[in-house]
Amino acid sequence: MSDISSFGATAKGLAKNPIGIIALFIVLIYGFAALTLGFNPKLEFWERVPLVWFLVLFPVAVLALFGWLVSQHHEKLYAPSDFRTDDIFLKKSQISEKREADFQASNEELDRKILEIVNRLSKEQLEPEKIAKQVAKEVKDATTFIVDGRAFLGRPDAVFTYPIAAFETLGALTDEVYFKLSKSVRPFQYGTTWVLRNESTGDVIRTLRMLTATPPGQPLTDIRTLREVGIHPGNTLVVEPPPC
């Protein structure tokens, strides 16, 4: 009886989040198949063969499926109770919604640009190879942006190109740039020792730390999307000391 109670308590605990539900489902299916094969002497040989193959291949299929879930949909594998506070869960949901909206807007803009380029180049009667190269260049410009740290680091190779979709938030971008500058600046010093300036507009990208006058050296997450702060595909962000 205690074993049944223990199993029930474990099952109840696993059912609290998607990962646990998947694990419980896998255990039950595999367990029933193993019990059927091991404790049913009436099974004929031809009836046992599919069960044996199932027991052999099922773990491999589960591993492949779980790997795909973790790599493609990891944010959906957690329940609200897995987060330390409700605010963190809500912030994560807001980030995902904003990212999806930005991704959709970027796709629509990219489709429009490609159609515009193809129509323009077709009228010029260029060779297909030249059209393909021009389209590839425009696609790259429409999906990436540049961080230029040459003057700040004093290195001619300090130019970094990133896909616009690589960063969910401004905080993720500043963290990435910090790691490129880590030998020259200290952690959590954005706005104090370095900033990013949008070369096309001349505006400094102001993080939440700067807007709230939070002292340097303290972690502060900025969950705004790149589009919200004025960073768009094709932009060049220059790393430089903060303006006086």
# chains A, B, ... in the order shown; residues from 1 in each chain; ligands from 1
call {"tool": "residues_around", "arguments": {"residues": "A:Leu220", "least_positions_apart": "6", "cutoff": "12 Å", "atoms": "only C-alpha atoms", "output": "list in words"}}
result
Leu170, Gly171, Ala172, Thr174, Asp175, Pro187, Phe188, Gln189, Tyr190, Thr207, Leu208, Arg209, Met210, Leu211, Thr212, Ala213 and Thr214 of chain A
call {"tool": "closest_residue", "arguments": {"among": "A:Glu138, A:Asp111, A:Glu240, A:Glu176", "to": "A:Arg150", "atoms": "only C-alpha atoms"}}
result
A:Glu240
call {"tool": "atom_distance", "arguments": {"atom1": "atom CA of A:Ile114", "atom2": "atom CA of A:Tyr162"}}
result
20.0 Å
call {"tool": "closest_residue", "arguments": {"among": "A:Ala34, A:Leu153, A:Glu44, A:Ala23", "to": "A:Phe66", "atoms": "only C-alpha atoms"}}
result
A:Ala23
call {"tool": "atom_distance", "arguments": {"atom1": "atom CA of A:Pro219", "atom2": "atom CA of A:Lys180"}}
result
18.0 Å
call {"tool": "closest_residue", "arguments": {"among": "A:Val229, A:Arg186, A:Arg224, A:Phe152", "to": "A:Pro242", "atoms": "only C-alpha atoms"}}
result
A:Phe152
call {"tool": "closest_residue", "arguments": {"among": "A:Trp68, A:Phe167, A:Phe179, A:Phe32", "to": "A:Leu51", "atoms": "only C-alpha atoms"}}
result
A:Phe32
call {"tool": "closest_residue", "arguments": {"among": "A:Val239, A:Leu69, A:Leu28, A:Val147", "to": "A:Ser184", "atoms": "only C-alpha atoms"}}
result
A:Val239
call {"tool": "select_by_dssp", "arguments": {"residues": "stretch 135-176 of chain A", "states": "helix (DSSP H, G or I)", "output": "list of chain:residue names"}}
result
A:Val135, A:Ala136, A:Lys137, A:Glu138, A:Val139, A:Lys140, A:Asp141, A:Ala142, A:Thr143, A:Arg150, A:Ala151, A:Phe152, A:Leu153, A:Ile164, A:Ala165, A:Ala166, A:Leu170, A:Gly171, A:Ala172, A:Leu173, A:Thr174, A:Asp175, A:Glu176
call {"tool": "select_by_dssp", "arguments": {"residues": "stretch 99-240 of chain A", "states": "strand (DSSP E)", "output": "ChimeraX atom specification"}}
result
/A:144-148,159-163,195-198,236-240
call {"tool": "closest_residue", "arguments": {"among": "A:Thr192, A:Asn40, A:Gln134, A:Asn198", "to": "A:Asp148", "atoms": "only C-alpha atoms"}}
result
A:Asn198
